[in-house]
Amino acid sequence: MGKTYFCNMTEKKLGIKNYSASQLIAGRREKGFSTDKFVSDIDDNQVLLLDAINELRQVGQNFILDGHFCLLNEEGVITRIPMETYTLLKPDTMILLLENPKIIAKRRFQRDRIRQDECTINDFQCDEKAYATEIAGQLSIPLEVSNGASDLGRIVEIIKTGGC
């Protein structure tokens with residue numbers, strides 16, 4: 001029950017459409033991403049994402065963008081998505097979904113057959129949380145942090161009542 005589950009649950013319960021950043025980018029690149037989660041061309045991908053988001057905004061409907069604040073570059077180094085991306089995205093609010101690294105490692109193995117070190121997952125989540133906090137502060141927008149699957153209902157209620 002990660003980001004995709006949360007977004008699907010939100011769409012089902014609240015009728016808010018969701019889009020995966022990686023799917024939007026892959027659609028523009030006309031090729032997908034590898035299952036190892038290493039991403040090349042991070043900066044170029046953000047241009048593609050912004051183009052896709054601008055197209056969606058022309059329709060004028062609210063939506064949730066499922067993505068990360070940091071990515072692993074092609075060498076496996078945690079890399080922040082450029083601040084300019086968030087400045088241009090102009091999000092109304094941000095939600096950071098965290099989970100126990102042991103659970104993420106288990107899901108990752110079940111889904112992709114890739115073993116990932118729990119310490120690496122923890123480091124990634126710590127970096128994402130620090131950067132999400134920084135972005136929210138710079139953009140003066142709310143940030144809600146969920147600490148696992150048991151907390152997703154609370155986040156959905158916040159969205160439902162407009163508390164974000």
# chains A, B, ... in the order shown; residues from 1 in each chain; ligands from 1
$ select_by_dssp --residues "segment 58-138 of chain A" --states "strand (DSSP E or B)" --output "NGL selection string"
:A and (63-66 or 70-73 or 78-80 or 94-97)
$ write_last_selection --atoms "N, CA, C and O atoms" --output "PDB file, in the first residue's frame"
ATOM      1  N   PHE A  63      -6.234  17.423  -9.656  1.00  0.00           N
ATOM      2  CA  PHE A  63      -5.629  16.106  -9.759  1.00  0.00           C
ATOM      3  C   PHE A  63      -4.508  15.976  -8.738  1.00  0.00           C
ATOM      4  O   PHE A  63      -4.027  16.965  -8.189  1.00  0.00           O
ATOM      5  N   ILE A  64      -4.120  14.737  -8.516  1.00  0.00           N
ATOM      6  CA  ILE A  64      -2.987  14.418  -7.648  1.00  0.00           C
ATOM      7  C   ILE A  64      -1.858  13.927  -8.535  1.00  0.00           C
ATOM      8  O   ILE A  64      -2.076  13.088  -9.418  1.00  0.00           O
ATOM      9  N   LEU A  65      -0.667  14.460  -8.306  1.00  0.00           N
ATOM     10  CA  LEU A  65       0.514  14.008  -9.026  1.00  0.00           C
ATOM     11  C   LEU A  65       1.301  13.090  -8.100  1.00  0.00           C
ATOM     12  O   LEU A  65       1.731  13.492  -7.027  1.00  0.00           O
ATOM     13  N   ASP A  66       1.460  11.857  -8.517  1.00  0.00           N
ATOM     14  CA  ASP A  66       2.177  10.830  -7.772  1.00  0.00           C
ATOM     15  C   ASP A  66       3.629  10.852  -8.234  1.00  0.00           C
ATOM     16  O   ASP A  66       3.922  10.521  -9.377  1.00  0.00           O
ATOM     17  N   CYS A  70      12.913  13.276  -4.497  1.00  0.00           N
ATOM     18  CA  CYS A  70      14.275  12.873  -4.835  1.00  0.00           C
ATOM     19  C   CYS A  70      14.195  11.619  -5.698  1.00  0.00           C
ATOM     20  O   CYS A  70      13.208  10.888  -5.647  1.00  0.00           O
ATOM     21  N   LEU A  71      15.251  11.387  -6.458  1.00  0.00           N
ATOM     22  CA  LEU A  71      15.362  10.183  -7.273  1.00  0.00           C
ATOM     23  C   LEU A  71      16.766   9.625  -7.119  1.00  0.00           C
ATOM     24  O   LEU A  71      17.658  10.310  -6.621  1.00  0.00           O
ATOM     25  N   LEU A  72      16.959   8.399  -7.554  1.00  0.00           N
ATOM     26  CA  LEU A  72      18.291   7.819  -7.615  1.00  0.00           C
ATOM     27  C   LEU A  72      18.807   8.032  -9.029  1.00  0.00           C
ATOM     28  O   LEU A  72      18.182   7.583  -9.989  1.00  0.00           O
ATOM     29  N   ASN A  73      19.940   8.731  -9.171  1.00  0.00           N
ATOM     30  CA  ASN A  73      20.477   8.952 -10.517  1.00  0.00           C
ATOM     31  C   ASN A  73      21.065   7.646 -11.054  1.00  0.00           C
ATOM     32  O   ASN A  73      21.012   6.612 -10.374  1.00  0.00           O
ATOM     33  N   ILE A  78      21.326   9.500  -4.375  1.00  0.00           N
ATOM     34  CA  ILE A  78      20.104  10.247  -4.125  1.00  0.00           C
ATOM     35  C   ILE A  78      20.284  11.662  -4.671  1.00  0.00           C
ATOM     36  O   ILE A  78      21.233  12.362  -4.326  1.00  0.00           O
ATOM     37  N   THR A  79      19.353  12.068  -5.531  1.00  0.00           N
ATOM     38  CA  THR A  79      19.439  13.343  -6.227  1.00  0.00           C
ATOM     39  C   THR A  79      18.110  14.088  -6.084  1.00  0.00           C
ATOM     40  O   THR A  79      17.052  13.517  -6.365  1.00  0.00           O
ATOM     41  N   ARG A  80      18.182  15.332  -5.663  1.00  0.00           N
ATOM     42  CA  ARG A  80      16.971  16.142  -5.532  1.00  0.00           C
ATOM     43  C   ARG A  80      16.474  16.586  -6.910  1.00  0.00           C
ATOM     44  O   ARG A  80      17.259  16.982  -7.755  1.00  0.00           O
ATOM     45  N   MET A  94       1.352  19.591  -0.624  1.00  0.00           N
ATOM     46  CA  MET A  94       2.185  18.404  -0.863  1.00  0.00           C
ATOM     47  C   MET A  94       1.908  17.387   0.236  1.00  0.00           C
ATOM     48  O   MET A  94       1.684  17.748   1.391  1.00  0.00           O
ATOM     49  N   ILE A  95       1.927  16.138  -0.167  1.00  0.00           N
ATOM     50  CA  ILE A  95       1.741  15.034   0.766  1.00  0.00           C
ATOM     51  C   ILE A  95       2.935  14.105   0.595  1.00  0.00           C
ATOM     52  O   ILE A  95       3.252  13.696  -0.519  1.00  0.00           O
ATOM     53  N   LEU A  96       3.588  13.807   1.683  1.00  0.00           N
ATOM     54  CA  LEU A  96       4.727  12.890   1.665  1.00  0.00           C
ATOM     55  C   LEU A  96       4.298  11.606   2.354  1.00  0.00           C
ATOM     56  O   LEU A  96       3.904  11.610   3.516  1.00  0.00           O
ATOM     57  N   LEU A  97       4.357  10.518   1.599  1.00  0.00           N
ATOM     58  CA  LEU A  97       4.008   9.214   2.150  1.00  0.00           C
ATOM     59  C   LEU A  97       5.290   8.491   2.530  1.00  0.00           C
ATOM     60  O   LEU A  97       6.125   8.218   1.676  1.00  0.00           O
TER      61      LEU A  97
END
$ select_by_dssp --residues "chain A" --states "helix (DSSP H, G or I)" --output "VMD selection string"
chain A and resid 3 to 14 21 to 29 42 to 57 83 to 89 101 to 112 118 to 139 149 to 160
$ atom_distance --atom1 "atom CA of Gly153 of chain A" --atom2 "atom CA of Ile81 of chain A"
27.8 Å
$ residues_around --residues "Ala132 of chain A" --least-positions-apart "3" --cutoff "8 Å" --atoms "only C-alpha atoms" --output "PyMOL selection string"
chain A and resi 69+94+96+128-129+135-136+143
$ write_last_selection --atoms "N, CA and C atoms" --output "compact mmCIF listing (two decimals), in the first residue's frame"
# COMPACT_ATOMS: atom_id res chain seq x y z
N PHE A 69 10.26 13.48 -4.46
CA PHE A 69 11.01 14.73 -4.29
C PHE A 69 12.48 14.51 -4.63
N MET A 94 1.35 19.59 -0.62
CA MET A 94 2.18 18.40 -0.86
C MET A 94 1.91 17.39 0.24
N LEU A 96 3.59 13.81 1.68
CA LEU A 96 4.73 12.89 1.66
C LEU A 96 4.30 11.61 2.35
N GLU A 128 14.09 12.73 1.30
CA GLU A 128 12.83 13.22 0.74
C GLU A 128 12.08 14.09 1.74
N LYS A 129 12.05 13.68 2.99
CA LYS A 129 11.33 14.46 4.00
C LYS A 129 11.98 15.83 4.20
N ILE A 135 10.94 22.56 0.32
CA ILE A 135 10.11 23.01 -0.79
C ILE A 135 8.85 23.68 -0.26
N ALA A 136 8.16 23.02 0.66
CA ALA A 136 6.92 23.58 1.22
C ALA A 136 7.18 24.94 1.86
N LEU A 143 2.36 21.02 3.90
CA LEU A 143 2.95 19.69 3.71
C LEU A 143 2.35 18.77 4.75
$ residues_around --residues "Ile159 of chain A" --least-positions-apart "4" --cutoff "10 Å" --atoms "only C-alpha atoms" --output "count of residues only"
11
$ atom_distance --atom1 "atom CA of Gly162 of chain A" --atom2 "atom CA of Pro82 of chain A"
27.7 Å
$ closest_residue --among "A:Lys90, A:Arg113, A:Thr161, A:Asp151" --to "Gln138 of chain A" --atoms "only C-alpha atoms"
A:Lys90
$ residues_around --residues "Asn100 of chain A" --least-positions-apart "2" --cutoff "10 Å" --atoms "only C-alpha atoms" --output "VMD selection string"
chain A and resid 98 102 to 105 118 121 to 122 125 147 to 149
$ atom_distance --atom1 "atom CA of Asn45 of chain A" --atom2 "atom CA of Ile25 of chain A"
6.2 Å
